[in-house]
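Undergrad: Next comes the structure file structure.cif, holding mmCIF, C-alpha atoms.
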data_work
#
loop_
_atom_site.group_PDB
_atom_site.id
_atom_site.type_symbol
_atom_site.label_atom_id
_atom_site.label_comp_id
_atom_site.auth_asym_id
_atom_site.auth_seq_id
_atom_site.Cartn_x
_atom_site.Cartn_y
_atom_site.Cartn_z
ATOM 1 C CA MET A 1 -52.214 44.214 130.680
ATOM 2 C CA LYS A 2 -49.029 42.149 130.781
ATOM 3 C CA TYR A 3 -47.122 44.706 128.748
ATOM 4 C CA CYS A 4 -48.484 47.610 130.819
ATOM 5 C CA ILE A 5 -47.157 45.928 133.936
ATOM 6 C CA PHE A 6 -43.806 45.336 132.251
ATOM 7 C CA LEU A 7 -43.531 49.021 131.314
ATOM 8 C CA LEU A 8 -44.116 49.976 134.952
ATOM 9 C CA ILE A 9 -41.452 47.508 136.084
ATOM 10 C CA LEU A 10 -39.055 48.821 133.442
ATOM 11 C CA LEU A 11 -39.578 52.442 134.484
ATOM 12 C CA HIS A 12 -39.103 51.568 138.158
ATOM 13 C CA THR A 13 -35.872 49.646 137.546
ATOM 14 C CA ARG A 14 -34.279 52.134 135.171
ATOM 15 C CA VAL A 15 -34.847 55.004 137.603
ATOM 16 C CA ASN A 16 -33.500 53.160 140.643
ATOM 17 C CA GLY A 17 -30.550 51.648 138.824
ATOM 18 C CA GLN A 18 -28.528 48.718 140.087
ATOM 19 C CA ASN A 19 -30.010 46.028 142.284
ATOM 20 C CA PRO A 20 -28.731 46.730 145.848
ATOM 21 C CA GLY A 21 -28.985 43.062 146.806
ATOM 22 C CA PRO A 22 -31.165 41.620 149.565
ATOM 23 C CA MET A 23 -28.926 42.841 152.396
ATOM 24 C CA LEU A 24 -29.388 46.526 151.535
ATOM 25 C CA GLY A 25 -32.707 45.873 149.803
ATOM 26 C CA ALA A 26 -34.238 44.658 153.052
ATOM 27 C CA MET A 27 -33.259 47.944 154.752
ATOM 28 C CA GLY A 28 -35.114 50.303 152.442
ATOM 29 C CA SER A 29 -32.857 49.850 149.387
ATOM 30 C CA GLY A 30 -30.439 52.555 150.553
ATOM 31 C CA GLY A 31 -26.926 51.954 151.864
ATOM 32 C CA THR A 32 -24.746 54.865 150.725
ATOM 33 C CA ALA A 33 -22.963 54.811 154.102
ATOM 34 C CA VAL A 34 -22.788 51.004 154.526
ATOM 35 C CA SER A 35 -19.667 48.878 154.074
ATOM 36 C CA GLY A 36 -19.451 45.464 152.393
ATOM 37 C CA ILE A 37 -19.533 43.732 149.035
ATOM 38 C CA TRP A 38 -22.995 45.118 148.156
ATOM 39 C CA SER A 39 -21.608 48.654 148.405
ATOM 40 C CA LEU A 40 -20.584 48.117 144.774
ATOM 41 C CA GLN A 41 -24.251 48.693 143.919
ATOM 42 C CA ARG A 42 -24.847 51.792 146.076
ATOM 43 C CA ASN A 43 -21.481 53.415 146.889
ATOM 44 C CA PRO A 44 -18.251 51.569 145.981
ATOM 45 C CA ALA A 45 -16.363 53.462 148.692
ATOM 46 C CA GLY A 46 -17.868 50.919 151.097
ATOM 47 C CA ILE A 47 -15.740 48.037 149.794
ATOM 48 C CA SER A 48 -12.611 49.655 151.284
ATOM 49 C CA GLU A 49 -13.102 47.812 154.576
ATOM 50 C CA LEU A 50 -13.044 44.352 152.982
ATOM 51 C CA LYS A 51 -9.978 42.394 154.088
ATOM 52 C CA MET A 52 -10.504 39.211 152.036
ATOM 53 C CA PRO A 53 -11.512 38.540 148.405
ATOM 54 C CA THR A 54 -15.299 38.354 148.400
ATOM 55 C CA LEU A 55 -17.789 36.979 145.882
ATOM 56 C CA ALA A 56 -21.580 37.461 145.895
ATOM 57 C CA ILE A 57 -24.382 36.480 143.520
ATOM 58 C CA ALA A 58 -28.072 37.384 143.675
ATOM 59 C CA TYR A 59 -31.355 36.699 141.909
ATOM 60 C CA GLU A 60 -34.444 38.936 142.060
ATOM 61 C CA ARG A 61 -37.874 38.220 140.571
ATOM 62 C CA HIS A 62 -39.689 41.489 139.926
ATOM 63 C CA PHE A 63 -43.212 41.563 141.319
ATOM 64 C CA LEU A 64 -43.455 37.755 141.072
ATOM 65 C CA ASP A 65 -43.448 37.950 137.273
ATOM 66 C CA GLU A 66 -42.017 34.721 135.879
ATOM 67 C CA GLU A 67 -40.287 36.462 132.964
ATOM 68 C CA VAL A 68 -38.824 39.658 134.468
ATOM 69 C CA SER A 69 -35.812 39.157 136.720
ATOM 70 C CA THR A 70 -32.402 40.534 137.679
ATOM 71 C CA GLN A 71 -29.226 38.490 138.083
ATOM 72 C CA THR A 72 -26.226 40.075 139.800
ATOM 73 C CA ALA A 73 -22.631 38.972 140.418
ATOM 74 C CA LEU A 74 -20.040 40.945 142.421
ATOM 75 C CA PHE A 75 -16.380 40.410 143.245
ATOM 76 C CA ALA A 76 -13.987 42.494 145.365
ATOM 77 C CA LEU A 77 -10.228 42.003 145.702
ATOM 78 C CA PRO A 78 -8.115 43.795 148.337
ATOM 79 C CA ALA A 79 -4.585 44.605 147.126
ATOM 80 C CA ARG A 80 -1.861 46.742 148.748
ATOM 81 C CA GLY A 81 -4.115 48.986 150.777
ATOM 82 C CA SER A 82 -6.737 49.375 148.038
ATOM 83 C CA VAL A 83 -9.730 47.316 146.942
ATOM 84 C CA PHE A 84 -10.714 46.588 143.348
ATOM 85 C CA GLY A 85 -14.303 45.674 142.539
ATOM 86 C CA VAL A 86 -16.144 44.190 139.569
ATOM 87 C CA SER A 87 -19.911 43.942 139.074
ATOM 88 C CA PHE A 88 -22.110 42.269 136.464
ATOM 89 C CA GLU A 89 -25.873 42.615 136.167
ATOM 90 C CA SER A 90 -28.560 41.452 133.733
ATOM 91 C CA TYR A 91 -32.147 42.671 133.854
ATOM 92 C CA GLY A 92 -35.241 42.100 131.735
ATOM 93 C CA LEU A 93 -36.716 39.342 129.588
ATOM 94 C CA TYR A 94 -36.174 37.873 126.125
ATOM 95 C CA GLU A 95 -37.638 40.831 124.201
ATOM 96 C CA TYR A 96 -35.897 43.488 126.314
ATOM 97 C CA LYS A 97 -32.654 43.125 128.249
ATOM 98 C CA GLU A 98 -30.313 45.540 130.004
ATOM 99 C CA GLN A 99 -26.811 44.415 130.967
ATOM 100 C CA GLN A 100 -24.141 46.235 132.937
ATOM 101 C CA ALA A 101 -20.509 45.641 133.858
ATOM 102 C CA GLY A 102 -18.766 47.844 136.402
ATOM 103 C CA PHE A 103 -15.103 48.311 137.347
ATOM 104 C CA PHE A 104 -14.202 50.145 140.566
ATOM 105 C CA TYR A 105 -11.238 51.302 142.626
ATOM 106 C CA SER A 106 -11.630 52.138 146.306
ATOM 107 C CA LYS A 107 -9.068 53.319 148.855
ATOM 108 C CA SER A 108 -9.050 54.293 152.519
ATOM 109 C CA PHE A 109 -7.165 57.400 153.643
ATOM 110 C CA GLY A 110 -6.449 56.833 157.299
ATOM 111 C CA ASN A 111 -9.132 55.226 159.427
ATOM 112 C CA ALA A 112 -11.889 57.711 158.647
ATOM 113 C CA PHE A 113 -12.101 58.588 154.947
ATOM 114 C CA ARG A 114 -12.781 56.275 151.969
ATOM 115 C CA LEU A 115 -12.971 57.275 148.321
ATOM 116 C CA ALA A 116 -13.986 55.320 145.211
ATOM 117 C CA VAL A 117 -14.200 55.895 141.468
ATOM 118 C CA GLY A 118 -15.752 53.610 138.902
ATOM 119 C CA LEU A 119 -16.798 53.026 135.313
ATOM 120 C CA ARG A 120 -19.880 51.141 134.114
ATOM 121 C CA TYR A 121 -20.525 49.693 130.689
ATOM 122 C CA HIS A 122 -24.224 49.552 129.750
ATOM 123 C CA GLN A 123 -25.736 47.460 126.962
ATOM 124 C CA LEU A 124 -29.356 47.494 125.826
ATOM 125 C CA ASN A 125 -30.845 44.757 123.631
ATOM 126 C CA ILE A 126 -34.343 45.013 122.157
ATOM 127 C CA SER A 127 -35.671 42.156 120.053
ATOM 128 C CA GLN A 128 -36.101 43.134 116.382
ATOM 129 C CA TYR A 129 -34.584 46.582 117.062
ATOM 130 C CA GLY A 130 -30.947 45.714 117.746
ATOM 131 C CA SER A 131 -28.668 46.848 120.558
ATOM 132 C CA ALA A 132 -26.997 49.973 121.931
ATOM 133 C CA LYS A 133 -24.261 50.721 124.445
ATOM 134 C CA ALA A 134 -23.115 53.469 126.786
ATOM 135 C CA TYR A 135 -20.524 54.241 129.459
ATOM 136 C CA SER A 136 -20.969 56.088 132.742
ATOM 137 C CA VAL A 137 -18.685 57.124 135.606
ATOM 138 C CA GLU A 138 -19.260 57.136 139.369
ATOM 139 C CA VAL A 139 -17.628 58.792 142.377
ATOM 140 C CA GLY A 140 -18.365 58.158 146.043
ATOM 141 C CA PHE A 141 -16.961 58.743 149.512
ATOM 142 C CA GLN A 142 -17.597 57.714 153.116
ATOM 143 C CA LEU A 143 -16.494 59.658 156.205
ATOM 144 C CA LYS A 144 -16.410 57.938 159.567
ATOM 145 C CA VAL A 145 -17.293 60.794 161.926
ATOM 146 C CA THR A 146 -17.111 58.531 164.991
ATOM 147 C CA ASN A 147 -16.755 54.787 165.479
ATOM 148 C CA GLU A 148 -20.555 54.564 165.450
ATOM 149 C CA PHE A 149 -21.587 57.217 162.892
ATOM 150 C CA THR A 150 -20.725 57.441 159.163
ATOM 151 C CA ILE A 151 -21.854 59.919 156.510
ATOM 152 C CA ALA A 152 -21.465 59.373 152.766
ATOM 153 C CA SER A 153 -22.336 60.572 149.275
ATOM 154 C CA HIS A 154 -22.328 59.060 145.797
ATOM 155 C CA ILE A 155 -22.990 60.409 142.321
ATOM 156 C CA ALA A 156 -23.561 58.291 139.211
ATOM 157 C CA ASN A 157 -23.379 59.484 135.602
ATOM 158 C CA PRO A 158 -22.654 63.188 136.222
ATOM 159 C CA SER A 159 -21.726 63.564 132.528
ATOM 160 C CA ARG A 160 -25.287 62.537 131.507
ATOM 161 C CA SER A 161 -24.159 59.739 129.193
ATOM 162 C CA ARG A 162 -26.684 58.210 126.810
ATOM 163 C CA TYR A 163 -27.073 55.107 124.673
ATOM 164 C CA ASN A 164 -25.610 55.504 121.213
ATOM 165 C CA ASP A 165 -27.987 55.543 118.226
ATOM 166 C CA ILE A 166 -31.079 55.987 120.446
ATOM 167 C CA SER A 167 -32.651 59.413 120.840
ATOM 168 C CA ASN A 168 -33.889 60.558 124.268
ATOM 169 C CA SER A 169 -32.042 57.662 125.938
ATOM 170 C CA SER A 170 -30.015 59.342 128.683
ATOM 171 C CA LEU A 171 -28.922 57.143 131.553
ATOM 172 C CA PRO A 172 -30.184 58.337 134.947
ATOM 173 C CA VAL A 173 -28.117 60.927 136.821
ATOM 174 C CA LYS A 174 -28.271 59.973 140.490
ATOM 175 C CA LEU A 175 -27.065 61.719 143.643
ATOM 176 C CA SER A 176 -27.318 60.016 147.030
ATOM 177 C CA ILE A 177 -26.501 61.304 150.512
ATOM 178 C CA GLY A 178 -26.693 58.910 153.430
ATOM 179 C CA GLY A 179 -25.739 58.055 156.968
ATOM 180 C CA SER A 180 -25.355 54.960 159.114
ATOM 181 C CA CYS A 181 -25.420 54.733 162.891
ATOM 182 C CA ARG A 182 -24.524 51.707 164.990
ATOM 183 C CA LEU A 183 -26.647 52.120 168.095
ATOM 184 C CA SER A 184 -25.168 49.030 169.755
ATOM 185 C CA ASP A 185 -23.352 45.807 168.901
ATOM 186 C CA ARG A 186 -26.695 44.457 167.663
ATOM 187 C CA ILE A 187 -28.453 47.413 166.019
ATOM 188 C CA LEU A 188 -27.529 49.279 162.822
ATOM 189 C CA MET A 189 -29.703 52.079 161.404
ATOM 190 C CA ILE A 190 -29.293 53.637 157.956
ATOM 191 C CA ALA A 191 -30.943 56.498 156.081
ATOM 192 C CA ASP A 192 -30.546 57.813 152.520
ATOM 193 C CA VAL A 193 -31.820 60.707 150.449
ATOM 194 C CA ARG A 194 -31.626 60.066 146.700
ATOM 195 C CA LYS A 195 -32.307 62.404 143.813
ATOM 196 C CA VAL A 196 -32.602 61.109 140.260
ATOM 197 C CA LEU A 197 -32.537 63.955 137.742
ATOM 198 C CA ASN A 198 -36.054 64.772 136.462
ATOM 199 C CA TYR A 199 -37.685 62.561 139.115
ATOM 200 C CA PRO A 200 -38.987 63.364 142.626
ATOM 201 C CA LEU A 201 -36.762 63.065 145.680
ATOM 202 C CA ASP A 202 -36.761 59.696 147.448
ATOM 203 C CA VAL A 203 -36.021 58.965 151.118
ATOM 204 C CA MET A 204 -35.074 55.507 152.405
ATOM 205 C CA THR A 205 -34.470 54.240 155.914
ATOM 206 C CA GLY A 206 -33.897 50.839 157.482
ATOM 207 C CA ILE A 207 -32.645 48.865 160.453
ATOM 208 C CA GLU A 208 -30.695 45.656 161.054
ATOM 209 C CA TYR A 209 -30.946 43.725 164.320
ATOM 210 C CA ASN A 210 -28.480 40.940 165.119
ATOM 211 C CA VAL A 211 -30.577 38.398 166.988
ATOM 212 C CA VAL A 212 -27.486 36.244 167.502
ATOM 213 C CA LYS A 213 -23.965 36.516 166.105
ATOM 214 C CA TRP A 214 -24.816 34.650 162.901
ATOM 215 C CA PHE A 215 -28.455 35.704 162.281
ATOM 216 C CA SER A 216 -29.876 39.166 161.504
ATOM 217 C CA LEU A 217 -33.364 40.547 160.930
ATOM 218 C CA ARG A 218 -33.847 43.583 158.677
ATOM 219 C CA GLY A 219 -36.614 45.981 157.724
ATOM 220 C CA GLY A 220 -37.112 49.324 156.032
ATOM 221 C CA VAL A 221 -39.279 51.720 154.028
ATOM 222 C CA SER A 222 -38.878 54.130 151.124
ATOM 223 C CA ALA A 223 -41.008 57.182 150.448
ATOM 224 C CA ASN A 224 -41.457 57.639 146.696
ATOM 225 C CA PRO A 225 -43.343 55.503 146.023
ATOM 226 C CA PHE A 226 -44.013 54.239 149.520
ATOM 227 C CA LYS A 227 -42.563 50.734 149.717
ATOM 228 C CA GLN A 228 -41.968 48.332 152.565
ATOM 229 C CA TYR A 229 -39.050 45.924 152.880
ATOM 230 C CA THR A 230 -38.144 43.006 155.102
ATOM 231 C CA GLY A 231 -35.577 40.235 155.164
ATOM 232 C CA PHE A 232 -32.915 38.348 157.062
ATOM 233 C CA GLY A 233 -29.269 37.364 156.818
ATOM 234 C CA ILE A 234 -27.264 34.315 157.884
ATOM 235 C CA ASN A 235 -23.508 34.705 158.327
ATOM 236 C CA TYR A 236 -21.822 31.361 159.025
ATOM 237 C CA ASN A 237 -18.033 31.124 158.875
ATOM 238 C CA LYS A 238 -17.187 32.648 155.486
ATOM 239 C CA PHE A 239 -20.626 32.105 153.941
ATOM 240 C CA GLN A 240 -23.385 34.717 153.775
ATOM 241 C CA ILE A 241 -27.026 34.093 152.818
ATOM 242 C CA ASP A 242 -29.388 37.062 152.459
ATOM 243 C CA VAL A 243 -33.105 37.040 151.679
ATOM 244 C CA ALA A 244 -35.408 40.045 151.163
ATOM 245 C CA VAL A 245 -38.880 40.934 149.943
ATOM 246 C CA ALA A 246 -39.962 44.378 148.740
ATOM 247 C CA SER A 247 -43.636 45.368 148.626
ATOM 248 C CA HIS A 248 -44.810 47.886 146.007
ATOM 249 C CA PRO A 249 -48.274 49.428 146.650
ATOM 250 C CA THR A 250 -49.454 48.756 143.081
ATOM 251 C CA LEU A 251 -47.303 46.016 141.579
ATOM 252 C CA GLY A 252 -46.922 43.690 144.553
ATOM 253 C CA TYR A 253 -43.979 41.714 145.930
ATOM 254 C CA SER A 254 -40.394 41.300 144.666
ATOM 255 C CA PRO A 255 -38.419 38.536 146.419
ATOM 256 C CA GLN A 256 -34.676 38.092 146.080
ATOM 257 C CA ILE A 257 -31.899 35.917 147.470
ATOM 258 C CA ALA A 258 -28.102 36.251 147.535
ATOM 259 C CA LEU A 259 -25.174 33.986 148.367
ATOM 260 C CA GLY A 260 -21.777 35.327 149.365
ATOM 261 C CA TYR A 261 -18.385 33.890 150.248
ATOM 262 C CA ALA A 262 -15.200 35.492 151.634
ATOM 263 C CA PHE A 263 -12.121 33.543 150.543
#
Please express the file's structure as C-alpha cells.
TA:
Amino acid sequence: MKYCIFLLILLHTRVNGQNPGPMLGAMGSGGTAVSGIWSLQRNPAGISELKMPTLAIAYERHFLDEEVSTQTALFALPARGSVFGVSFESYGLYEYKEQQAGFFYSKSFGNAFRLAVGLRYHQLNISQYGSAKAYSVEVGFQLKVTNEFTIASHIANPSRSRYNDISNSSLPVKLSIGGSCRLSDRILMIADVRKVLNYPLDVMTGIEYNVVKWFSLRGGVSANPFKQYTGFGINYNKFQIDVAVASHPTLGYSPQIALGYAF
C-alpha cells in the first residue's frame, strides 16, 4: 500500500511540476498572472516588479507522508531594469529523487508588458538504477490591461525534452493561461487554465483577502482532480511567512510553509 500511495504522489507531482509555494498554493495553485518571488515557479515574468533582491525557501510534506517532501529555494536579483532569477527544488525520498535548477531572465517593457525566458536543469536519481538528466526551456509574459486587471500566459518545455538514457521519459509540456483582478485594496482574485500534454485540462481559482496591512487570508480550488486549498500570509517589514494546506480527495492533506526576505 505504501508504494501504491507513493506512485500516486509521484504521478501527481510530475504532472503539476514545480511547487508553487504556499502563497500561490493557497489560492488554487495557479498564479500565471501574479507578481512576486514565487512567480519563478508559475510564470517568471512576474518577478519583473521586484525592486529589491529577494530570497524565499519552502518545505512541503506530501499528503502527510513522513518520507515524501519537496524543498524549494528561490532568489531574484534586480539589475539595470531587468530581474534575474534562480530556483532550486528537490522532491522525493531516498529511493527516488527529482532535482531541478532554474535560471531566468525577466524584463518589463513600459509599465504594462513583462516578458521572461528561462532554462531548467532536471536530474533524476533512482536507487540501484542510477541517474539521468535533462534540460527544458520556458517562456512567459504578463500584460497589465488596467491597473487592476492582468492577463498572462506561460509555456514550459515546448521542445518536449526527455531524460537521457531513459525511454518514454518525456518531461511534461505545460501551457497556462491566467488572469488576476484586484477588486479593491484588500481583495485579489486569480484564475488559471492549465493544459499538460496528454492529460485533461485543469482549472484553478483563488482569492486573497488582506485582513490588515500585514496579514492575509487565502483560499482556492482546482478542478482536476477537485482539490481545496487554504492558507495565510504574514508580511512584516522585509520578512514574509506563508502557510498553506492542500486537500486531495483521495490522498489527504499536504501542508507547506515558506519564509521570505527582501534585502
Undergrad: Can you list, as a PyMOL selection string, every protein, DNA or RNA residue that comes within 9 Å of Asn19 in chain A when you count only C-alpha atoms, leaving out same-chain residues fewer than 2 positions away?
TA: chain A and resi 13+16-17+21-22+25+29+41-42+58+60+70-72+89
Undergrad: Given the file shown, determine the residues that the PyMOL selection byres ((chain A and resi 30) around 8) selects; report them as a list in words.
TA: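 Taken over the shown coordinates, the PyMOL selection byres ((chain A and resi 30) around 8) returns Pro20, Leu24, Gly25, Met27, Gly28, Ser29, Gly31, Thr32, Arg42, Gly178, Ile190, Ala191, Asp192, Met204, Thr205 and Gly206 of chain A.
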Undergrad: I need the residue nearest Ala134 in chain A from this list: A:Ala101, A:Leu188, A:Val34, A:Ile155. Use all atoms listed in the file for the distance.
TA: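 Nearest candidate to Ala134 in chain A out of A:Ala101, A:Leu188, A:Val34, A:Ile155: A:Ala101.
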Undergrad: List the residues sitting within 9 Å of (-25.9, 41.0, 124.3) in the file's frame, using only C-alpha atoms, as an MDAnalysis selection string.
TA: chainID A and resid 97:99 123:125 131
Undergrad: When you draw a straight line from CA of Pro172 in chain A to CA of Ala223 in chain A, how long is it in Å?
TA: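 Computing it gives 18.9 Å between the two atoms.
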Undergrad: Going by the chain IDs and residue numbers used in this file, which residues fall under the PyMOL selection byres ((chain A and resi 149) around 12)? Write them as a ChimeraX atom specification.
TA: /A:33-34,112,142-148,150-152,178-184,188-191
Undergrad: Return as lines of an AutoDock Vina configuration file the centre and edge lengths, in Å with one decimal, of the box along x, y and z that encloses every atom of range 214-230 of chain A in the file, padded by 6 Å per side.
TA:
center_x = -34.4
center_y = 46.1
center_z = 154.5
size_x = 31.2
size_y = 35.0
size_z = 28.9
Undergrad: May I ask which of the residues A:Gly233, A:Gly81, A:Pro44, A:Gly140 is the closest one to Asn111 in chain A, counting only C-alpha atoms?
TA: A:Gly81
Undergrad: Once the PyMOL selection byres ((chain A and resi 201) around 12) has been evaluated on this model, what residues remain selected, and can you format them as a list in words?
TA: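 Checking the PyMOL selection byres ((chain A and resi 201) around 12) against this file, the residues are Val15, Asn16, Lys174, Leu175, Ser176, Ile177, Asp192, Val193, Arg194, Lys195, Val196, Leu197, Asn198, Tyr199, Pro200, Asp202, Val203, Met204, Ser222, Ala223, Asn224 and Pro225 of chain A.
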Undergrad: Which residue gives the smallest distance to Leu171 in chain A among A:Gln18, A:Thr54, A:Ser39, A:Gln256, with all atoms listed in the file counted?
TA: A:Gln18
Undergrad: Here is a test: counting only C-alpha atoms, which residue of A:Asn210, A:Ser170, A:Ser106, A:Asn157 is nearest to Glu49 in chain A?
TA: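 Going through A:Asn210, A:Ser170, A:Ser106, A:Asn157 one by one, the smallest distance to Glu49 in chain A is for A:Ser106.
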Undergrad: Please determine, counting all atoms listed in the file, which residue among A:Phe141, A:Phe63, A:Phe103, A:Tyr135 has the shortest atom-to-atom distance to His248 in chain A.
TA: A:Phe63
Undergrad: From the options A:Gly118, A:Gly92, A:Pro53, A:Gly36, which residue's atoms come nearest to Ala79 in chain A, counting all atoms listed in the file?
TA: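 Using all atoms listed in the file, Ala79 in chain A sits closest to A:Pro53.
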